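**Q** To start, I am sharing the structure in question, which I have written as structure tokens.
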Amino acid sequence: MQNQMTCMILFNQMLACIGTMPTFSCDAMNRPTVTGCEMEFDNLYGCIMP
């Protein structure tokens, strides 16, 4: 796992992106994601599940 602080920052960026009314779906790897926040979710998944 990468530096915990880095993952926390990426998590906060993901939370900031999703807003109050997220639309959830699955990405190509069947992981949950939110429409319009795919990059933030990819970055977070890359940090916590390398």
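Just so we're on the same page: first chain in the structure tokens is A, next is B, and so on; residues restart at 1 for each chain, and ligands are numbered from 1 in the order they show up.
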Give me the residues within 12 Å of stretch 21-34 of chain A as JSON, numbers by chain, counting only C-alpha atoms and dropping any in the same chain fewer than 6 places off.
**A** {"A": [14, 15, 40, 41, 42, 43, 44, 45, 46, 49]}
**Q** Please save N, CA and C atoms of the selected residues as a PDB file, in the first residue's frame.
**A**
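As written to disk, result_11.pdb reads:
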```pdb
ATOM      1  N   MET A  14     -11.911  12.176  -4.063  1.00  0.00           N
ATOM      2  CA  MET A  14     -13.047  11.403  -4.547  1.00  0.00           C
ATOM      3  C   MET A  14     -14.328  11.887  -3.886  1.00  0.00           C
ATOM      4  N   LEU A  15     -14.297  12.103  -2.574  1.00  0.00           N
ATOM      5  CA  LEU A  15     -15.480  12.593  -1.861  1.00  0.00           C
ATOM      6  C   LEU A  15     -15.909  13.964  -2.373  1.00  0.00           C
ATOM      7  N   GLU A  40     -10.997  10.101 -10.394  1.00  0.00           N
ATOM      8  CA  GLU A  40     -10.770  10.124  -8.949  1.00  0.00           C
ATOM      9  C   GLU A  40     -10.869   8.714  -8.363  1.00  0.00           C
ATOM     10  N   PHE A  41     -11.851   7.934  -8.821  1.00  0.00           N
ATOM     11  CA  PHE A  41     -11.984   6.564  -8.336  1.00  0.00           C
ATOM     12  C   PHE A  41     -10.810   5.717  -8.800  1.00  0.00           C
ATOM     13  N   ASP A  42     -10.376   5.849 -10.070  1.00  0.00           N
ATOM     14  CA  ASP A  42      -9.217   5.103 -10.566  1.00  0.00           C
ATOM     15  C   ASP A  42      -7.982   5.402  -9.732  1.00  0.00           C
ATOM     16  N   ASN A  43      -7.754   6.676  -9.418  1.00  0.00           N
ATOM     17  CA  ASN A  43      -6.586   7.056  -8.616  1.00  0.00           C
ATOM     18  C   ASN A  43      -6.664   6.442  -7.224  1.00  0.00           C
ATOM     19  N   LEU A  44      -7.842   6.487  -6.622  1.00  0.00           N
ATOM     20  CA  LEU A  44      -8.003   5.915  -5.278  1.00  0.00           C
ATOM     21  C   LEU A  44      -7.812   4.402  -5.317  1.00  0.00           C
ATOM     22  N   TYR A  45      -8.445   3.725  -6.262  1.00  0.00           N
ATOM     23  CA  TYR A  45      -8.268   2.264  -6.358  1.00  0.00           C
ATOM     24  C   TYR A  45      -6.806   1.904  -6.590  1.00  0.00           C
ATOM     25  N   GLY A  46      -6.109   2.693  -7.393  1.00  0.00           N
ATOM     26  CA  GLY A  46      -4.688   2.441  -7.633  1.00  0.00           C
ATOM     27  C   GLY A  46      -3.852   2.555  -6.380  1.00  0.00           C
ATOM     28  N   MET A  49      -5.543  -0.496  -3.810  1.00  0.00           N
ATOM     29  CA  MET A  49      -5.499  -1.858  -4.362  1.00  0.00           C
ATOM     30  C   MET A  49      -4.553  -1.906  -5.543  1.00  0.00           C
TER      31      MET A  49
END
```
**Q** Could you please write out, as a ChimeraX atom specification, every residue of chain A that DSSP assigns to strand (DSSP E)?
**A** /A:24-26,32-34
**Q** With C-alpha atoms retained, export the selected residues as a PDB file, in the first residue's frame.
**A**
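out_30.pdb, written as the output of this step:
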```pdb
ATOM      1  CA  PHE A  24     -23.161   5.061  -9.128  1.00  0.00           C
ATOM      2  CA  SER A  25     -22.191   2.547 -11.782  1.00  0.00           C
ATOM      3  CA  CYS A  26     -19.431  -0.006 -12.370  1.00  0.00           C
ATOM      4  CA  PRO A  32     -18.049   0.867  -8.124  1.00  0.00           C
ATOM      5  CA  THR A  33     -17.568   4.349  -9.516  1.00  0.00           C
ATOM      6  CA  VAL A  34     -19.538   7.575  -9.860  1.00  0.00           C
TER       7      VAL A  34
END
```
**Q** List every residue of chain A that DSSP, applied to the backbone of this structure, places in helix (DSSP H, G or I), and write the result as a list of chain:residue names.
**A**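 Result set for chain A (helix (DSSP H, G or I)): A:Gln4, A:Met5, A:Thr6, A:Cys7, A:Met8, A:Ile9, A:Leu10, A:Phe11, A:Asn12, A:Gln13, A:Met14, A:Leu15, A:Ala16, A:Cys17, A:Ile18, A:Glu38, A:Met39, A:Glu40, A:Phe41, A:Asp42, A:Asn43, A:Leu44, A:Tyr45, A:Gly46, A:Cys47, A:Ile48.
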**Q** So how far away is atom CA of A:Thr20 from atom CA of A:Ile48, in Å?
**A** 23.6 Å
**Q** By how many Å are atom CA of A:Met8 and atom CA of A:Glu38 apart?
**A** 17.2 Å
**Q** What is the distance, in Å and to one decimal place, between atom CA of A:Thr35 and atom CA of A:Gly19?
**A**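 We find that atom CA of A:Thr35 and atom CA of A:Gly19 lie 11.1 Å from each other.
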